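Here the structure comes first, spelled out in structure tokens, and everything after it is commentary.
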Amino acid sequence: MHSQPSAGSIVWARAAIVITVLAWFTYMITTIVRMVIEGPTESFIFHVQTWVYGLTVTALTFSALMYLMARYGALVRFKEHRRVERALIDQHFAESDADVTVLIPSYDEEPEVVRYTLWSAALQEFPSVRVVLLIDDKDTNLTGEALDRLNQTRGLLGDIQTQLEAPLTQATEAMRVFQESTPETTGPEDARRAAEAYAAAAAWLDEFAANEPVNDHMAEFFAEQVLLGLSNDLRLTRLALHAAYEQGGSPDRERLEQLYRRLVWIFSADMRSFERKKYASLSQEPNKAMNLNSYISLMGGRYHVSNETGVQLLEPIREGSEEEPDLVVPDSRYLLTLDADSQLLRDYCVRLVYLLEQPENERVAVTQTPYSSFRGAPTRIERIAGATTDLQHIQHQGLTYFNATFWVGANAVIRKAALADIAVTETVGGFEITTYVQDRTVIEDTESSVDLGAHGWSLENYPERLSYSATPPDFGSLIVQRRRWANGGLLIMPKLLEMIRVRKHTPARVRLSEKMLRTNYMSSLAWASFGLIFLLFFPFDSRLLSPLVVAAALPYFISQALDLRASGHRLSDIFRIYGFNLVLLPVNLAGVLKSLQQGVTGEKIPFARTPKVTGRTASPAIYVILPFVIIAFSVITAYRDFMLGNWGNFIFAAFNAVMATWAAVSYIGVRAAIVDAVLGIVGWLYVAPKPPKQKRKNLVDPDAEVNWQAILYHGDRRLRRDLARSSDRRRRLGGVRKEVSAVAALGTPVVVREGVAPGATETIVLDPEAAHDVGEVISRSLATQKRKGTGEAGSEG
């Protein structure tokens, strides 16, 4: 749980907002407006500078103000939050038939990382948990380590299910003995037996944790927080039950049954996997959204797998049919989407589903705990990226206070009925493809948040830290992640405007605070990136600088530093984050430009998954060169302003140069930057020689049986090539002409003779020249028939 904020923290949160607004307003009046009024005495260039600088300061101040607003909302929520007592949760789910399907999309992941995620989901204290690993790798053309990694990932589910059998059997037997032998009025012996059952379960978890190899911070978190955290919770319950026994008391029978049932819940997860790319009837789009959509669209159905056409197809079995299904996909009231590098604490499911099942939350579609970072990261960049993640956790918690929650894709509990409301079905290649989570942009969770809002649903962040996720371990993988985050927000803005319009005259109308926070969340990277570019590279007139600009920004940096310390980081990390953002400026700008590219061309930007495999991820050359360009330009600017006596500009440029230099050396590394830059430039200049053109193999095996089902199903699959290649058409047309000419040379019309049985032969006497022409045309067909035994060779003649 979050520590409860003090009254002083709340006061500072409010004061920071007031100071920022007053400082910005005073600056605009005393500097920008004054410069405009003095227009006749200044040049046109200066006027342009004034307006651009004023707009830039306004945009950056607005983003800072939105953070301060969200932070205030988060602190209020932390102060007002009261955790639901465990007994109330157990009582609620004793009477509930709720079930959860955990969907874990996986693509080219490290098996050990996926294993932690699967275990954290399997050990959830929930009545019915079904864990489905959605494997998106295709084993076609995979070799070596990649194929081994895929096979290891596939084998994880069976291993976990096997390991769970022993504690599940133990818990089930304890439950059976209780139900058969415990009277309505319980006594101390009943409490003692329950305590022993809890002690046995905790001992199994302790042994599991003791034998778990701890090689990195994720493994340490899994052993200490997931396994031992659950064990300690069970031991606490065991302590209470044993104390009841020693004091001659016992919980009543209903409460004891709830406690036994809890043990069964912990170890009774159903583990399975699904690979959508095995089936041609499902979407093959290479992104996480369609991986999820493919499985969700199958839920609640029974299917026959058809292999007759050369590809696997899923054919739904009609309701009431007695046909034995090849695949059954159970339905579920709730879905839990979980990234393959995330871990959940033990009571994630029960607390979030309990929230959804309260009467006042019947229109809440998604609830989540925005993920936090694993502690103890081994690299500087992973630790500072984790610090920014923890700041985002606080920001997201505050968005809920203003009803501006966004779905964060790493983890969330989703009401399936809400997804059905926003589902879109289209026909692709003759197959119906249903899309629940939109994949138009690479930030599919953000777009789905707006879709749900437009349909009258709300989202809510649960104000605790119950989920943790990995952060990129090197600059290369960080580029992939942050460029994806910066891409798509601008494209969703029209949907936000439509949501505002739809809800305008309803009780759920979008208030000003929600509009501002949502707009900032989706678009701030665009104006912040361009704004920083202007401030760094454009030589603004020193008269536009003012201490009021610093005063407007100072509350933002002070508040972030306080939030870092509250999250377990250092106050000084605020300077590291500043430099971190400077070296990421080209990455963010590239993501924004990709959004503009998609908006202009209409072409979907490919989904780039964040690499999570061991070893360093190489960075594109441009992203390691541009940070050093920023450093060099800042140094030149600082020197020039020093010589001109522009002390405000000098301090700003020198500070940027120092912070960016420290960040580039610490997070990119000089050696790694040189290697990646050289490899990138060489790769751009080098053109691989074309391999010699090999003779094209015949696509049809003359010795294979004709797959008539595939021919009738697929039809003519050569149409595009037939239309594109005139040489093929001429060659085939020439053969047909030769065949027709040969038949015409017989001088006898071709007729179908009645009374000739199928398969029977009939001798036709031809003159030698005509017989030679016909034999030339049909010889290969007859030879094929002989080899296959599908017809007679014809008469000799």
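Chain labels run A, B, ... following the order of the structure tokens; each chain numbers its residues from 1, and ligands are numbered from 1 in the order shown.
The neighbours of A:His92 here are the residues that come within 12 Å of it, using only C-alpha atoms and leaving out any residue fewer than 6 positions away in the same chain; they are Val84, Glu85, Arg86, Ala98, Phe126, Pro127, Arg255, Gln258, Val350, Arg351, Val353, Tyr354, Leu355, Glu357 and Gln358 of chain A.
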Could you save the residues just selected, with N, CA, C and O atoms, as a PDB file, in the first residue's frame?
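Ended up saving to result37.pdb:
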ATOM      1  N   VAL A  84     -10.212  -2.923   1.967  1.00  0.00           N
ATOM      2  CA  VAL A  84     -11.317  -3.809   2.345  1.00  0.00           C
ATOM      3  C   VAL A  84     -10.762  -4.961   3.170  1.00  0.00           C
ATOM      4  O   VAL A  84      -9.732  -5.554   2.825  1.00  0.00           O
ATOM      5  N   GLU A  85     -11.430  -5.256   4.267  1.00  0.00           N
ATOM      6  CA  GLU A  85     -10.959  -6.313   5.164  1.00  0.00           C
ATOM      7  C   GLU A  85     -11.032  -7.676   4.490  1.00  0.00           C
ATOM      8  O   GLU A  85     -11.931  -7.959   3.701  1.00  0.00           O
ATOM      9  N   ARG A  86     -10.089  -8.535   4.833  1.00  0.00           N
ATOM     10  CA  ARG A  86      -9.979  -9.839   4.202  1.00  0.00           C
ATOM     11  C   ARG A  86     -11.245 -10.685   4.417  1.00  0.00           C
ATOM     12  O   ARG A  86     -11.696 -11.391   3.502  1.00  0.00           O
ATOM     13  N   ALA A  98     -18.076 -15.613  -9.856  1.00  0.00           N
ATOM     14  CA  ALA A  98     -17.183 -14.896 -10.769  1.00  0.00           C
ATOM     15  C   ALA A  98     -15.999 -15.774 -11.163  1.00  0.00           C
ATOM     16  O   ALA A  98     -15.486 -16.555 -10.358  1.00  0.00           O
ATOM     17  N   PHE A 126      -8.143 -16.644  -5.947  1.00  0.00           N
ATOM     18  CA  PHE A 126      -9.420 -16.355  -6.586  1.00  0.00           C
ATOM     19  C   PHE A 126     -10.150 -17.662  -6.844  1.00  0.00           C
ATOM     20  O   PHE A 126      -9.519 -18.681  -7.139  1.00  0.00           O
ATOM     21  N   PRO A 127     -11.496 -17.662  -6.747  1.00  0.00           N
ATOM     22  CA  PRO A 127     -12.237 -18.925  -6.861  1.00  0.00           C
ATOM     23  C   PRO A 127     -11.971 -19.691  -8.148  1.00  0.00           C
ATOM     24  O   PRO A 127     -11.820 -20.905  -8.121  1.00  0.00           O
ATOM     25  N   ARG A 255     -16.817 -19.474   8.689  1.00  0.00           N
ATOM     26  CA  ARG A 255     -15.526 -18.814   8.489  1.00  0.00           C
ATOM     27  C   ARG A 255     -14.423 -19.836   8.236  1.00  0.00           C
ATOM     28  O   ARG A 255     -13.562 -19.617   7.381  1.00  0.00           O
ATOM     29  N   GLN A 258     -14.568 -20.908   4.676  1.00  0.00           N
ATOM     30  CA  GLN A 258     -13.985 -19.887   3.802  1.00  0.00           C
ATOM     31  C   GLN A 258     -12.459 -19.983   3.792  1.00  0.00           C
ATOM     32  O   GLN A 258     -11.826 -19.848   2.734  1.00  0.00           O
ATOM     33  N   VAL A 350      -8.573 -10.742  -6.344  1.00  0.00           N
ATOM     34  CA  VAL A 350      -9.722 -10.650  -5.435  1.00  0.00           C
ATOM     35  C   VAL A 350     -10.083  -9.200  -5.138  1.00  0.00           C
ATOM     36  O   VAL A 350     -11.266  -8.845  -5.047  1.00  0.00           O
ATOM     37  N   ARG A 351      -9.098  -8.347  -5.012  1.00  0.00           N
ATOM     38  CA  ARG A 351      -9.389  -6.956  -4.659  1.00  0.00           C
ATOM     39  C   ARG A 351      -9.954  -6.184  -5.844  1.00  0.00           C
ATOM     40  O   ARG A 351     -10.876  -5.379  -5.688  1.00  0.00           O
ATOM     41  N   VAL A 353     -11.503  -7.484  -8.624  1.00  0.00           N
ATOM     42  CA  VAL A 353     -12.817  -8.003  -9.008  1.00  0.00           C
ATOM     43  C   VAL A 353     -13.855  -7.619  -7.958  1.00  0.00           C
ATOM     44  O   VAL A 353     -15.008  -7.313  -8.283  1.00  0.00           O
ATOM     45  N   TYR A 354     -13.451  -7.613  -6.679  1.00  0.00           N
ATOM     46  CA  TYR A 354     -14.366  -7.170  -5.622  1.00  0.00           C
ATOM     47  C   TYR A 354     -14.829  -5.740  -5.893  1.00  0.00           C
ATOM     48  O   TYR A 354     -16.003  -5.408  -5.734  1.00  0.00           O
ATOM     49  N   LEU A 355     -13.896  -4.898  -6.325  1.00  0.00           N
ATOM     50  CA  LEU A 355     -14.257  -3.515  -6.656  1.00  0.00           C
ATOM     51  C   LEU A 355     -15.278  -3.483  -7.803  1.00  0.00           C
ATOM     52  O   LEU A 355     -16.263  -2.747  -7.749  1.00  0.00           O
ATOM     53  N   GLU A 357     -17.441  -5.669  -8.603  1.00  0.00           N
ATOM     54  CA  GLU A 357     -18.730  -6.278  -8.269  1.00  0.00           C
ATOM     55  C   GLU A 357     -19.529  -5.473  -7.246  1.00  0.00           C
ATOM     56  O   GLU A 357     -20.609  -5.916  -6.848  1.00  0.00           O
ATOM     57  N   GLN A 358     -19.023  -4.317  -6.861  1.00  0.00           N
ATOM     58  CA  GLN A 358     -19.828  -3.462  -6.002  1.00  0.00           C
ATOM     59  C   GLN A 358     -20.911  -2.765  -6.823  1.00  0.00           C
ATOM     60  O   GLN A 358     -20.673  -2.381  -7.971  1.00  0.00           O
TER      61      GLN A 358
END
Long-range neighbours of stretch 197-204 of chain A as a PyMOL selection string, 12 Å cut-off, only C-alpha atoms, 4 positions minimum in chain
chain A and resi 123+163-178+190-193+208-211+227-242+256+259-267
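Interatomic distance, atom CA of A:Tyr371 against atom CA of A:Thr389: 7.7 Å.
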Gap from atom CA of A:Pro286 to atom CA of A:Thr434 - Å, one decimal:
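Separation between atom CA of A:Pro286 and atom CA of A:Thr434: 15.6 Å.
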Which residue, A:Leu60, A:Ala365, A:Val600, A:Ala470, has the smallest gap to A:Ile422 when you use only C-alpha atoms?
A:Ala365
Where in stretch 288-524 of chain A does DSSP assign alpha helix (DSSP H), given as a ChimeraX atom specification?
/A:288-298,348-356,380-401,416-421,444-454,475-485,489-502,512-524
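Summary of the local environment: counting only C-alpha atoms, residues at most 12 Å from A:Thr30, other than itself and those fewer than 2 positions away along its chain, are A:Leu22, A:Ala23, A:Trp24, A:Phe25, A:Thr26, A:Tyr27, A:Met28, A:Ile32, A:Val33, A:Arg34, A:Met35, A:Val36, A:Ile37, A:Glu38, A:Gly54, A:Arg543, A:Leu544, A:Leu545, A:Ser546, A:Pro547, A:Leu548, A:Val549.
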A:His396, A:Ala704, A:Val11, A:Phe530 ranked by distance to A:Pro463, top pick (using only C-alpha atoms)
A:His396
